[in-house]
$ cat final_14.tsv   # TSV, C-alpha atoms
chain	number	residue	atom	x	y	z
U	1	MET	CA	-6.46	136.25	90.95
U	2	MET	CA	-7.54	139.85	90.36
U	3	ARG	CA	-9.34	141.70	93.12
U	4	TYR	CA	-12.30	143.98	92.47
U	5	LYS	CA	-14.43	146.51	94.27
U	6	SER	CA	-17.97	146.66	92.94
U	7	TRP	CA	-21.16	148.63	93.55
U	8	THR	CA	-24.70	148.15	92.26
U	9	LEU	CA	-26.21	151.49	91.23
U	10	THR	CA	-29.50	150.13	89.86
U	11	ASP	CA	-31.20	146.77	90.27
U	12	VAL	CA	-34.86	147.10	89.36
U	13	PHE	CA	-35.68	143.47	90.18
U	14	ASN	CA	-34.53	144.03	93.77
U	15	ASP	CA	-35.91	147.59	94.16
U	16	LEU	CA	-32.42	149.05	94.46
U	17	TRP	CA	-31.17	152.31	93.01
U	18	LEU	CA	-28.76	155.07	93.94
U	19	ASP	CA	-29.62	158.62	92.91
U	20	SER	CA	-25.96	159.60	93.19
U	21	PHE	CA	-22.64	157.80	93.43
U	22	THR	CA	-18.95	158.69	93.49
U	23	ALA	CA	-15.82	156.56	93.42
U	24	SER	CA	-12.43	158.22	93.02
U	25	ASN	CA	-8.84	158.28	94.22
U	26	ASP	CA	-10.16	159.87	97.40
U	27	SER	CA	-12.28	156.82	98.25
U	28	VAL	CA	-10.54	153.95	96.47
U	29	ARG	CA	-6.76	154.07	96.51
U	30	LEU	CA	-5.24	152.51	93.41
U	31	ALA	CA	-1.60	152.10	92.43
U	32	THR	CA	-1.85	154.85	89.83
U	33	ALA	CA	-0.76	158.47	89.64
U	34	HIS	CA	-3.80	159.40	87.53
U	35	ASP	CA	-6.68	161.32	89.07
U	36	TRP	CA	-9.63	159.10	88.11
U	37	SER	CA	-13.30	159.17	89.09
U	38	ILE	CA	-16.69	157.61	88.36
U	39	ARG	CA	-19.75	159.70	89.23
U	40	LYS	CA	-23.46	159.09	88.77
U	41	ARG	CA	-26.18	161.75	88.83
U	42	THR	CA	-29.67	162.34	87.47
U	43	LEU	CA	-30.30	165.21	85.06
U	44	HIS	CA	-33.22	167.58	85.47
U	45	GLY	CA	-35.10	170.04	83.28
U	46	GLY	CA	-36.19	170.06	79.66
U	47	LEU	CA	-36.05	166.93	77.54
U	48	ARG	CA	-33.27	165.47	79.73
U	49	ASP	CA	-35.42	165.43	82.85
U	50	GLY	CA	-34.94	162.10	84.64
U	51	VAL	CA	-32.00	160.86	82.54
U	52	ASP	CA	-29.31	159.05	84.56
U	53	LEU	CA	-25.74	159.95	83.61
U	54	ILE	CA	-22.53	158.21	84.68
U	55	GLU	CA	-19.34	160.17	84.06
U	56	VAL	CA	-16.14	158.13	83.85
U	57	HIS	CA	-12.88	160.09	84.01
U	58	ASN	CA	-9.63	158.10	83.78
U	59	GLY	CA	-7.28	161.06	84.17
U	60	ALA	CA	-7.01	161.71	80.41
U	61	LEU	CA	-10.23	160.42	78.86
U	62	THR	CA	-13.77	161.28	79.97
U	63	TYR	CA	-17.00	159.74	78.70
U	64	ASN	CA	-20.62	159.97	79.80
U	65	ILE	CA	-22.76	156.81	79.87
U	66	LEU	CA	-26.56	157.04	79.65
U	67	PRO	CA	-28.23	154.05	81.39
U	68	THR	CA	-31.64	155.62	80.63
U	69	ARG	CA	-30.88	155.62	76.89
U	70	GLY	CA	-29.75	152.08	76.14
U	71	MET	CA	-26.33	152.52	77.78
U	72	GLY	CA	-25.30	154.84	74.95
U	73	LEU	CA	-22.46	157.36	75.27
U	74	TRP	CA	-23.35	161.03	75.25
U	75	HIS	CA	-20.35	163.38	75.03
U	76	GLY	CA	-16.74	162.87	76.05
U	77	GLU	CA	-13.36	164.56	76.12
U	78	TYR	CA	-9.76	163.49	75.61
U	79	ARG	CA	-7.14	165.85	77.10
U	80	GLY	CA	-9.36	168.84	76.34
U	81	THR	CA	-10.54	167.66	72.90
U	82	PHE	CA	-14.31	167.29	72.56
U	83	LEU	CA	-15.70	163.85	71.65
U	84	GLY	CA	-19.13	163.70	70.06
U	85	TRP	CA	-21.13	166.11	67.89
U	86	ARG	CA	-23.49	169.06	68.15
U	87	SER	CA	-26.94	167.77	67.28
U	88	PRO	CA	-29.93	170.08	66.75
U	89	VAL	CA	-31.49	167.89	69.46
U	90	HIS	CA	-30.63	169.30	72.90
U	91	GLY	CA	-30.33	166.11	74.88
U	92	PRO	CA	-29.73	163.70	76.23
U	93	VAL	CA	-33.44	163.10	75.64
U	94	HIS	CA	-35.47	160.97	78.03
U	95	PRO	CA	-37.13	158.12	76.07
U	96	LYS	CA	-40.55	159.23	77.36
U	97	PHE	CA	-40.27	162.20	74.96
U	98	VAL	CA	-39.44	160.01	71.94
U	99	GLN	CA	-42.30	158.56	69.90
U	100	LEU	CA	-40.68	156.05	67.57
U	101	SER	CA	-43.73	155.88	65.28
U	102	ASP	CA	-43.75	159.64	64.54
U	103	ARG	CA	-43.18	160.85	60.96
U	104	GLY	CA	-43.82	157.44	59.45
U	105	GLY	CA	-41.43	155.67	61.82
U	106	LEU	CA	-38.69	158.33	61.94
U	107	GLY	CA	-39.37	159.45	65.51
U	108	TRP	CA	-36.05	157.94	66.65
U	109	LEU	CA	-34.36	161.06	65.25
U	110	THR	CA	-35.97	163.31	67.88
U	111	GLY	CA	-33.78	161.70	70.57
U	112	PHE	CA	-30.62	161.35	68.49
U	113	ASP	CA	-27.66	163.31	69.84
U	114	GLU	CA	-25.36	160.67	71.31
U	115	TRP	CA	-21.72	160.16	70.50
U	116	LEU	CA	-22.42	156.40	70.48
U	117	CYS	CA	-25.77	154.67	70.29
U	118	ARG	CA	-26.81	151.15	69.33
U	119	CYS	CA	-29.24	150.43	66.49
U	120	GLY	CA	-31.17	147.19	67.04
U	121	LEU	CA	-31.72	144.69	68.55
U	122	ALA	CA	-34.60	143.03	66.73
U	123	TRP	CA	-34.11	145.34	63.74
U	124	ASN	CA	-32.42	148.49	62.47
U	125	GLY	CA	-32.29	150.44	59.24
U	126	PRO	CA	-35.11	152.49	57.68
U	127	PRO	CA	-38.77	152.11	58.68
U	128	GLY	CA	-41.20	149.87	56.83
U	129	THR	CA	-43.34	146.75	57.13
U	130	ASP	CA	-41.55	143.42	57.42
U	131	GLY	CA	-44.12	140.78	56.43
U	132	GLY	CA	-46.52	139.92	59.23
U	133	PHE	CA	-44.34	141.45	61.94
U	134	GLY	CA	-45.88	144.86	61.40
U	135	PRO	CA	-44.28	148.30	60.95
U	136	LEU	CA	-40.64	148.67	61.94
U	137	SER	CA	-39.45	152.10	63.09
U	138	LEU	CA	-36.06	153.61	62.26
U	139	HIS	CA	-33.11	151.85	63.92
U	140	GLY	CA	-35.08	149.80	66.43
U	141	ARG	CA	-35.81	150.20	70.14
U	142	ILE	CA	-32.63	149.54	72.11
U	143	ALA	CA	-31.35	153.15	72.17
U	144	ASN	CA	-34.57	154.26	73.89
U	145	LEU	CA	-34.80	151.53	76.53
U	146	PRO	CA	-33.45	151.99	80.09
U	147	ALA	CA	-31.08	149.61	81.83
U	148	HIS	CA	-32.61	147.58	84.65
U	149	LEU	CA	-29.22	146.67	86.13
U	150	VAL	CA	-26.20	149.00	86.40
U	151	GLU	CA	-22.96	148.19	88.21
U	152	VAL	CA	-19.53	149.75	88.69
U	153	ARG	CA	-16.48	147.52	89.02
U	154	ILE	CA	-12.90	148.59	89.75
U	155	ASN	CA	-9.89	146.32	89.53
U	156	VAL	CA	-7.79	147.18	92.56
U	157	ASP	CA	-4.77	145.40	91.04
U	158	PRO	CA	-2.84	146.78	88.05
U	159	PRO	CA	-3.79	147.71	85.39
U	160	ASN	CA	-6.74	148.98	87.51
U	161	GLU	CA	-9.54	148.72	84.93
U	162	LEU	CA	-12.53	150.97	85.55
U	163	SER	CA	-15.72	149.29	84.31
U	164	VAL	CA	-19.40	150.21	84.09
U	165	ILE	CA	-21.79	147.35	83.32
U	166	GLY	CA	-25.41	147.70	82.19
U	167	GLN	CA	-28.15	145.26	81.29
U	168	ILE	CA	-31.21	146.03	79.13
U	169	ASP	CA	-34.12	143.83	78.06
U	170	GLU	CA	-35.73	144.38	74.66
U	171	SER	CA	-38.80	142.20	75.07
U	172	GLY	CA	-42.58	141.93	75.08
U	173	LEU	CA	-45.41	139.44	74.84
U	174	PHE	CA	-45.45	137.83	71.36
U	175	TYR	CA	-42.21	139.69	70.73
U	176	PRO	CA	-38.49	138.80	70.66
U	177	ASN	CA	-36.98	138.53	74.14
U	178	LEU	CA	-33.40	139.80	73.84
U	179	ARG	CA	-31.09	140.90	76.64
U	180	LEU	CA	-28.08	143.17	76.08
U	181	THR	CA	-25.28	143.18	78.66
U	182	THR	CA	-22.66	145.82	77.94
U	183	THR	CA	-19.40	146.61	79.71
U	184	TYR	CA	-17.40	149.81	79.16
U	185	THR	CA	-13.81	149.56	80.41
U	186	THR	CA	-10.85	151.92	80.52
U	187	VAL	CA	-7.53	152.09	82.35
U	188	PRO	CA	-6.41	155.19	84.28
U	189	GLY	CA	-4.44	157.51	81.99
U	190	SER	CA	-5.32	155.54	78.85
U	191	ASN	CA	-6.43	156.94	75.48
U	192	ARG	CA	-8.67	153.90	74.94
U	193	LEU	CA	-12.19	152.77	75.79
U	194	THR	CA	-13.25	149.16	75.21
U	195	ILE	CA	-16.80	147.90	74.69
U	196	HIS	CA	-17.83	144.31	75.39
U	197	ASP	CA	-21.40	143.43	74.43
U	198	VAL	CA	-23.32	140.18	74.89
U	199	VAL	CA	-26.81	139.66	73.44
U	200	GLU	CA	-28.80	136.69	74.72
U	201	ASN	CA	-32.01	135.22	73.31
U	202	ARG	CA	-34.10	134.58	76.42
U	203	SER	CA	-37.02	133.17	74.44
U	204	GLY	CA	-37.94	129.53	73.92
U	205	VAL	CA	-37.87	130.03	70.15
U	206	PRO	CA	-35.17	131.28	67.75
U	207	ALA	CA	-34.82	135.06	67.40
U	208	GLU	CA	-33.34	137.35	64.76
U	209	LEU	CA	-30.67	139.87	65.75
U	210	GLU	CA	-29.51	143.04	64.01
U	211	LEU	CA	-27.02	145.38	65.67
U	212	LEU	CA	-25.10	148.38	64.41
U	213	TYR	CA	-22.97	150.79	66.47
U	214	HIS	CA	-23.70	154.38	65.43
U	215	CYS	CA	-20.56	156.30	66.50
U	216	ASN	CA	-21.07	159.97	65.64
U	217	VAL	CA	-18.23	162.46	65.38
U	218	GLY	CA	-18.13	166.19	64.70
U	219	PRO	CA	-15.44	168.87	65.06
U	220	PRO	CA	-12.55	169.01	65.81
U	221	PHE	CA	-11.97	165.58	64.25
U	222	LEU	CA	-14.41	166.42	61.46
U	223	GLU	CA	-13.73	169.48	59.29
U	224	ALA	CA	-13.03	170.43	55.68
U	225	GLY	CA	-10.17	168.17	54.60
U	226	SER	CA	-10.70	165.45	57.21
U	227	ARG	CA	-10.31	161.87	56.00
U	228	ILE	CA	-11.67	158.46	56.92
U	229	ILE	CA	-9.17	155.68	56.21
U	230	VAL	CA	-10.16	152.00	56.35
U	231	PRO	CA	-8.17	149.02	55.06
U	232	THR	CA	-10.53	148.01	52.28
U	233	ARG	CA	-11.39	145.04	50.13
U	234	GLU	CA	-14.50	146.69	48.69
U	235	VAL	CA	-16.49	149.87	49.20
U	236	ALA	CA	-19.75	150.80	47.50
U	237	PRO	CA	-22.14	153.76	47.64
U	238	GLN	CA	-25.46	152.85	49.22
U	239	THR	CA	-27.50	155.07	46.89
U	240	SER	CA	-27.22	157.11	43.70
U	241	ARG	CA	-26.77	160.20	45.89
U	242	ALA	CA	-23.72	158.60	47.52
U	243	ALA	CA	-22.43	157.59	44.07
U	244	GLU	CA	-22.25	161.30	43.18
U	245	GLY	CA	-19.45	161.64	45.73
U	246	ILE	CA	-17.53	158.43	45.06
U	247	ASP	CA	-14.41	160.30	43.92
U	248	THR	CA	-14.16	161.85	47.40
U	249	TYR	CA	-15.78	159.07	49.45
U	250	ASP	CA	-12.92	159.15	51.98
U	251	THR	CA	-12.69	162.93	52.47
U	252	TYR	CA	-15.01	165.54	53.95
U	253	VAL	CA	-16.20	169.01	53.08
U	254	GLY	CA	-16.86	171.64	55.70
U	255	PRO	CA	-20.35	172.46	56.95
U	256	THR	CA	-22.57	172.90	53.88
U	257	ALA	CA	-26.16	174.11	54.17
U	258	GLY	CA	-28.55	171.74	52.40
U	259	PHE	CA	-26.04	168.88	52.13
U	260	ALA	CA	-27.86	165.60	51.36
U	261	GLU	CA	-26.43	162.68	53.34
U	262	GLN	CA	-24.17	160.11	51.68
U	263	VAL	CA	-23.55	156.56	52.91
U	264	TYR	CA	-20.72	154.19	51.95
U	265	LEU	CA	-20.68	150.45	52.70
U	266	TYR	CA	-17.36	148.68	53.34
U	267	ASP	CA	-15.97	145.19	53.25
U	268	ALA	CA	-12.93	145.93	55.41
U	269	ALA	CA	-9.61	144.10	55.10
U	270	ALA	CA	-8.34	142.44	58.27
U	271	ASP	CA	-5.40	140.52	59.64
U	272	ALA	CA	-5.30	136.74	60.09
U	273	ARG	CA	-7.25	137.00	63.36
U	274	GLY	CA	-9.95	139.16	61.79
U	275	GLN	CA	-8.81	142.36	63.48
U	276	THR	CA	-9.32	145.61	61.57
U	277	LEU	CA	-9.64	149.32	62.25
U	278	ALA	CA	-10.75	152.70	60.91
U	279	LEU	CA	-9.20	156.13	61.44
U	280	LEU	CA	-10.91	159.51	61.17
U	281	TYR	CA	-8.39	162.36	61.29
U	282	ASN	CA	-8.47	166.11	60.80
U	283	ALA	CA	-6.97	168.18	57.96
U	284	ARG	CA	-3.69	168.88	59.81
U	285	GLY	CA	-3.27	165.25	60.74
U	286	ASP	CA	-2.76	165.96	64.43
U	287	ARG	CA	-6.08	164.68	65.82
U	288	GLY	CA	-7.53	161.25	65.15
U	289	MET	CA	-10.17	158.84	66.42
U	290	VAL	CA	-9.64	155.11	65.87
U	291	MET	CA	-12.14	152.27	65.96
U	292	ARG	CA	-10.84	148.71	66.31
U	293	TRP	CA	-13.06	145.65	65.85
U	294	ASN	CA	-13.05	142.05	64.65
U	295	ARG	CA	-14.66	141.21	61.31
U	296	GLN	CA	-15.71	137.79	62.61
U	297	GLU	CA	-17.89	139.55	65.19
U	298	LEU	CA	-18.83	142.70	63.24
U	299	PRO	CA	-18.51	141.93	59.52
U	300	SER	CA	-20.08	145.14	58.15
U	301	PHE	CA	-18.79	148.70	58.29
U	302	THR	CA	-20.70	151.83	57.24
U	303	VAL	CA	-19.65	155.47	56.90
U	304	TRP	CA	-22.43	158.06	57.09
U	305	LYS	CA	-21.49	161.55	55.83
U	306	ASN	CA	-23.90	164.25	56.96
U	307	CYS	CA	-22.00	167.45	56.19
U	308	GLY	CA	-24.87	169.90	56.67
U	309	ALA	CA	-24.70	173.29	58.31
U	310	ALA	CA	-23.30	173.31	61.85
U	311	GLU	CA	-26.69	174.27	63.30
U	312	ASP	CA	-28.31	171.34	61.46
U	313	GLY	CA	-25.91	168.71	62.77
U	314	TYR	CA	-22.54	168.55	60.99
U	315	VAL	CA	-21.47	164.96	61.67
U	316	THR	CA	-20.13	161.71	60.34
U	317	GLY	CA	-21.11	158.27	61.57
U	318	LEU	CA	-18.59	155.41	61.77
U	319	GLU	CA	-20.63	152.24	62.14
U	320	PRO	CA	-19.32	148.71	62.62
U	321	GLY	CA	-22.15	146.20	62.74
U	322	LEU	CA	-23.60	142.79	62.08
U	323	ASN	CA	-25.42	144.26	59.10
U	324	PHE	CA	-25.63	147.31	56.87
U	325	PRO	CA	-28.33	149.95	57.57
U	326	ASN	CA	-30.71	148.71	54.88
U	327	PHE	CA	-34.28	147.56	55.51
U	328	LYS	CA	-34.36	144.33	57.48
U	329	ALA	CA	-36.01	142.25	54.72
U	330	PHE	CA	-33.16	143.11	52.33
U	331	GLU	CA	-30.49	142.32	54.93
U	332	ARG	CA	-32.20	139.01	55.63
U	333	GLU	CA	-32.08	138.13	51.92
U	334	GLN	CA	-28.34	138.86	51.94
U	335	GLY	CA	-27.74	136.62	54.97
U	336	ARG	CA	-26.76	139.47	57.26
U	337	VAL	CA	-29.51	139.00	59.87
U	338	LYS	CA	-28.15	136.76	62.63
U	339	MET	CA	-30.32	134.00	64.10
U	340	LEU	CA	-29.95	133.16	67.79
U	341	ALA	CA	-31.14	129.78	69.03
U	342	PRO	CA	-33.18	129.65	72.26
U	343	GLY	CA	-30.74	130.55	75.00
U	344	GLY	CA	-28.14	131.42	72.37
U	345	GLN	CA	-25.70	134.30	72.68
U	346	TRP	CA	-23.68	136.61	70.46
U	347	GLU	CA	-20.84	138.78	71.74
U	348	CYS	CA	-18.22	141.21	70.54
U	349	ASN	CA	-15.29	143.26	71.79
U	350	TRP	CA	-14.25	146.49	70.12
U	351	SER	CA	-12.60	149.74	71.12
U	352	LEU	CA	-12.25	153.47	70.57
U	353	GLU	CA	-8.94	155.28	70.94
U	354	PHE	CA	-7.87	158.89	70.53
U	355	HIS	CA	-4.75	160.69	69.35
U	356	ASP	CA	-3.92	164.38	69.69
U	357	THR	CA	-0.47	164.39	68.07
U	358	GLY	CA	0.73	164.00	64.51
U	359	ALA	CA	2.97	161.13	65.57
U	360	GLY	CA	0.00	159.23	66.96
U	361	VAL	CA	-2.02	159.69	63.77
U	362	THR	CA	0.94	158.70	61.60
U	363	SER	CA	1.46	155.48	63.56
U	364	VAL	CA	-2.13	154.41	62.90
U	365	LEU	CA	-1.87	155.33	59.21
U	366	LYS	CA	1.16	153.03	58.94
U	367	GLU	CA	-0.80	150.26	60.62
U	368	ILE	CA	-3.63	150.64	58.11
U	369	ALA	CA	-1.19	150.77	55.18
U	370	SER	CA	0.31	147.47	56.34
U	371	LEU	CA	-3.11	145.80	56.25
U	372	GLN	CA	-3.97	147.39	52.91
U	373	ALA	CA	-0.76	146.06	51.37
U	374	HIS	CA	-2.25	142.56	51.56
U	375	ALA	CA	-5.60	143.47	49.95
U	376	ARG	CA	-6.53	145.05	46.64
U	377	ALA	CA	-9.24	147.66	47.16
U	378	THR	CA	-12.20	147.68	44.78
U	379	ILE	CA	-14.05	151.02	44.74
U	380	HIS	CA	-17.47	150.58	43.16
U	381	ARG	CA	-18.79	153.70	41.46
U	382	THR	CA	-22.44	152.65	41.63
U	383	PRO	CA	-24.61	150.84	44.22
U	384	GLN	CA	-24.06	147.08	44.25
U	385	ALA	CA	-26.88	144.55	44.60
U	386	LYS	CA	-25.14	142.62	47.39
U	387	TYR	CA	-24.71	145.75	49.52
U	388	SER	CA	-27.89	147.75	49.02
U	389	PRO	CA	-31.11	147.92	46.99
U	390	GLY	CA	-29.57	150.95	45.23
$ encode --input "final_14.tsv" --output "structure tokens"
Amino acid sequence: MMRYKSWTLTDVFNDLWLDSFTASNDSVRLATAHDWSIRKRTLHGGLRDGVDLIEVHNGALTYNILPTRGMGLWHGEYRGTFLGWRSPVHGPVHPKFVQLSDRGGLGWLTGFDEWLCRCGLAWNGPPGTDGGFGPLSLHGRIANLPAHLVEVRINVDPPNELSVIGQIDESGLFYPNLRLTTTYTTVPGSNRLTIHDVVENRSGVPAELELLYHCNVGPPFLEAGSRIIVPTREVAPQTSRAAEGIDTYDTYVGPTAGFAEQVYLYDAAADARGQTLALLYNARGDRGMVMRWNRQELPSFTVWKNCGAAEDGYVTGLEPGLNFPNFKAFEREQGRVKMLAPGGQWECNWSLEFHDTGAGVTSVLKEIASLQAHARATIHRTPQAKYSPG
């Protein structure tokens, strides 16, 4: 039986919170040579005033969790290499400064600068009116809701997992009542971060669920000549604008003032267990970020290319999800909106890993090539009715 040390940092229902917290090799002795730490603090000043931040450092990989912003990840670092992107938004932004209904439902963008944020839970995709439910804002509410429960858990036995757990309710009267419980876990010295999410319908009636993970990456992984490689059964442009770039859908240009975003929708190939992956790597092939997920849990994969000027947010989004980022009514018609029974749950496990050597990148490319060898890729040159309204 594994042994754990655990601490509760926030428990709103029991009026418990810690303004600061530190656990490290100095306070918790583990059987590891890596200098690890977990620290919690509250940010002050500007739009970040009042945002809680938890920094996890495993000795090689660092990432910053934002309990105030839906348990998203802000910036990170792997052995000196920056993880994230440089948004024109100077965050992390406290949700009190984000008005989701602004600009016809596009207000979500005024708080958008995370490395990883969730889009959902009741809906995501562009704004609009979904029947009698009323106006839906861009990408839903979960990224701008604070966690009511936050815990730290450390496995004192090898492999000494370091975990941060958060729980968020997306609910309201005459509204879906969904609870997200997320756990971020890493091992001291590792190049990998795992994410385990559970969404529960706490209502007495069925509830719809949409969820997409918006993982946003800029330099040094993203630059002129970078590539995104995914074992593919099909890929299609979401719009006519994306179709203009179909010949180079898997490569990137450098920062380009006035660049209009392009989105590509994937049906990824997987192994017999449903496991698949995507690799973004730089022009030299010596830095790469890998996402690993299971198609049975996250059947859709989206690549967002936003290669604008650096000061306007030069970034790409790698986005595994339950659905594609189309309007909810369209995704419902395509059968990609999940229904949870009363008390029902959905869960997934996926991971991020990082490589800073050519050998590491090459090993992942070989892994992808092995999967691709068993699937014939169809590259659609125009939007397809089953993937997007076009």
$ closest_atom_pairs --input "final_14.tsv" --of "stretch 202-287 of chain U" --to "stretch 114-136 of chain U" --cutoff "10 Å" --atoms "only C-alpha atoms" --output "JSON lines"
{"residue": "U:Ala207", "atom": "CA", "partner": "U:Ala122", "partner_atom": "CA", "distance": 8.0}
{"residue": "U:Glu208", "atom": "CA", "partner": "U:Ala122", "partner_atom": "CA", "distance": 6.1}
{"residue": "U:Leu209", "atom": "CA", "partner": "U:Ala122", "partner_atom": "CA", "distance": 5.1}
{"residue": "U:Glu210", "atom": "CA", "partner": "U:Trp123", "partner_atom": "CA", "distance": 5.2}
{"residue": "U:Leu211", "atom": "CA", "partner": "U:Gly120", "partner_atom": "CA", "distance": 4.7}
{"residue": "U:Leu212", "atom": "CA", "partner": "U:Cys119", "partner_atom": "CA", "distance": 5.1}
{"residue": "U:Tyr213", "atom": "CA", "partner": "U:Arg118", "partner_atom": "CA", "distance": 4.8}
{"residue": "U:His214", "atom": "CA", "partner": "U:Cys117", "partner_atom": "CA", "distance": 5.3}
{"residue": "U:Cys215", "atom": "CA", "partner": "U:Leu116", "partner_atom": "CA", "distance": 4.4}
{"residue": "U:Asn216", "atom": "CA", "partner": "U:Trp115", "partner_atom": "CA", "distance": 4.9}
{"residue": "U:Val217", "atom": "CA", "partner": "U:Trp115", "partner_atom": "CA", "distance": 6.6}
{"residue": "U:Gly218", "atom": "CA", "partner": "U:Trp115", "partner_atom": "CA", "distance": 9.1}
$ residues_near_point --input "final_14.tsv" --point "(-5.8, 159.7, 81.7)" --cutoff "6 Å" --atoms "all atoms listed in the file" --output "JSON, numbers by chain"
{"U": [58, 59, 60, 61, 188, 189, 190]}
$ closest_residue --input "final_14.tsv" --among "U:Gly360, U:Gly288, U:Pro389, U:Pro88" --to "U:Phe330" --atoms "all atoms listed in the file"
U:Pro389
$ closest_residue --input "final_14.tsv" --among "U:Pro237, U:Met289, U:Gly344, U:Glu353" --to "U:Val303" --atoms "only C-alpha atoms"
U:Pro237
$ closest_residue --input "final_14.tsv" --among "U:Gln345, U:Asn323, U:Thr382, U:Ser137" --to "U:Ser101" --atoms "all atoms listed in the file"
U:Ser137
$ atom_distance --input "final_14.tsv" --atom1 "atom CA of U:Leu53" --atom2 "atom CA of U:Met2"
27.9 Å
$ closest_residue --input "final_14.tsv" --among "U:Gly50, U:Asp113, U:Leu352, U:Val150" --to "U:Trp17" --atoms "only C-alpha atoms"
U:Val150
$ decode --input "final_14.tsv" --residues "stretch 39-55 of chain U" --atoms "N, CA and C atoms" --output "PDB file, in the first residue's frame"
ATOM      1  N   ARG U  39       4.762  25.144  -4.155  1.00  0.00           N
ATOM      2  CA  ARG U  39       4.565  26.396  -3.421  1.00  0.00           C
ATOM      3  C   ARG U  39       3.294  27.086  -3.883  1.00  0.00           C
ATOM      4  N   LYS U  40       2.546  27.594  -2.921  1.00  0.00           N
ATOM      5  CA  LYS U  40       1.323  28.339  -3.224  1.00  0.00           C
ATOM      6  C   LYS U  40       1.457  29.772  -2.726  1.00  0.00           C
ATOM      7  N   ARG U  41       1.019  30.725  -3.576  1.00  0.00           N
ATOM      8  CA  ARG U  41       0.993  32.129  -3.187  1.00  0.00           C
ATOM      9  C   ARG U  41      -0.162  32.808  -3.901  1.00  0.00           C
ATOM     10  N   THR U  42      -0.479  34.018  -3.466  1.00  0.00           N
ATOM     11  CA  THR U  42      -1.528  34.819  -4.087  1.00  0.00           C
ATOM     12  C   THR U  42      -0.901  36.018  -4.770  1.00  0.00           C
ATOM     13  N   LEU U  43      -1.247  36.242  -6.023  1.00  0.00           N
ATOM     14  CA  LEU U  43      -0.693  37.344  -6.804  1.00  0.00           C
ATOM     15  C   LEU U  43      -1.424  38.644  -6.490  1.00  0.00           C
ATOM     16  N   HIS U  44      -0.705  39.756  -6.652  1.00  0.00           N
ATOM     17  CA  HIS U  44      -1.283  41.062  -6.348  1.00  0.00           C
ATOM     18  C   HIS U  44      -0.936  42.064  -7.440  1.00  0.00           C
ATOM     19  N   GLY U  45      -1.834  43.014  -7.646  1.00  0.00           N
ATOM     20  CA  GLY U  45      -1.597  44.093  -8.595  1.00  0.00           C
ATOM     21  C   GLY U  45      -2.160  43.809  -9.969  1.00  0.00           C
ATOM     22  N   GLY U  46      -2.677  44.849 -10.611  1.00  0.00           N
ATOM     23  CA  GLY U  46      -3.168  44.732 -11.975  1.00  0.00           C
ATOM     24  C   GLY U  46      -4.299  43.733 -12.113  1.00  0.00           C
ATOM     25  N   LEU U  47      -4.416  43.152 -13.290  1.00  0.00           N
ATOM     26  CA  LEU U  47      -5.496  42.216 -13.570  1.00  0.00           C
ATOM     27  C   LEU U  47      -5.334  40.892 -12.845  1.00  0.00           C
ATOM     28  N   ARG U  48      -4.122  40.620 -12.310  1.00  0.00           N
ATOM     29  CA  ARG U  48      -3.881  39.352 -11.608  1.00  0.00           C
ATOM     30  C   ARG U  48      -4.183  39.440 -10.128  1.00  0.00           C
ATOM     31  N   ASP U  49      -4.635  40.585  -9.665  1.00  0.00           N
ATOM     32  CA  ASP U  49      -4.844  40.793  -8.236  1.00  0.00           C
ATOM     33  C   ASP U  49      -5.829  39.771  -7.661  1.00  0.00           C
ATOM     34  N   GLY U  50      -5.369  38.995  -6.687  1.00  0.00           N
ATOM     35  CA  GLY U  50      -6.206  38.003  -6.035  1.00  0.00           C
ATOM     36  C   GLY U  50      -6.153  36.619  -6.644  1.00  0.00           C
ATOM     37  N   VAL U  51      -5.358  36.412  -7.694  1.00  0.00           N
ATOM     38  CA  VAL U  51      -5.249  35.093  -8.330  1.00  0.00           C
ATOM     39  C   VAL U  51      -4.316  34.198  -7.511  1.00  0.00           C
ATOM     40  N   ASP U  52      -4.807  33.013  -7.130  1.00  0.00           N
ATOM     41  CA  ASP U  52      -3.960  32.023  -6.463  1.00  0.00           C
ATOM     42  C   ASP U  52      -3.127  31.278  -7.498  1.00  0.00           C
ATOM     43  N   LEU U  53      -1.859  31.048  -7.170  1.00  0.00           N
ATOM     44  CA  LEU U  53      -0.940  30.349  -8.056  1.00  0.00           C
ATOM     45  C   LEU U  53      -0.208  29.275  -7.268  1.00  0.00           C
ATOM     46  N   ILE U  54      -0.168  28.064  -7.819  1.00  0.00           N
ATOM     47  CA  ILE U  54       0.581  26.966  -7.212  1.00  0.00           C
ATOM     48  C   ILE U  54       1.681  26.557  -8.181  1.00  0.00           C
ATOM     49  N   GLU U  55       2.922  26.722  -7.767  1.00  0.00           N
ATOM     50  CA  GLU U  55       4.065  26.357  -8.598  1.00  0.00           C
ATOM     51  C   GLU U  55       4.567  24.980  -8.201  1.00  0.00           C
TER      52      GLU U  55
END
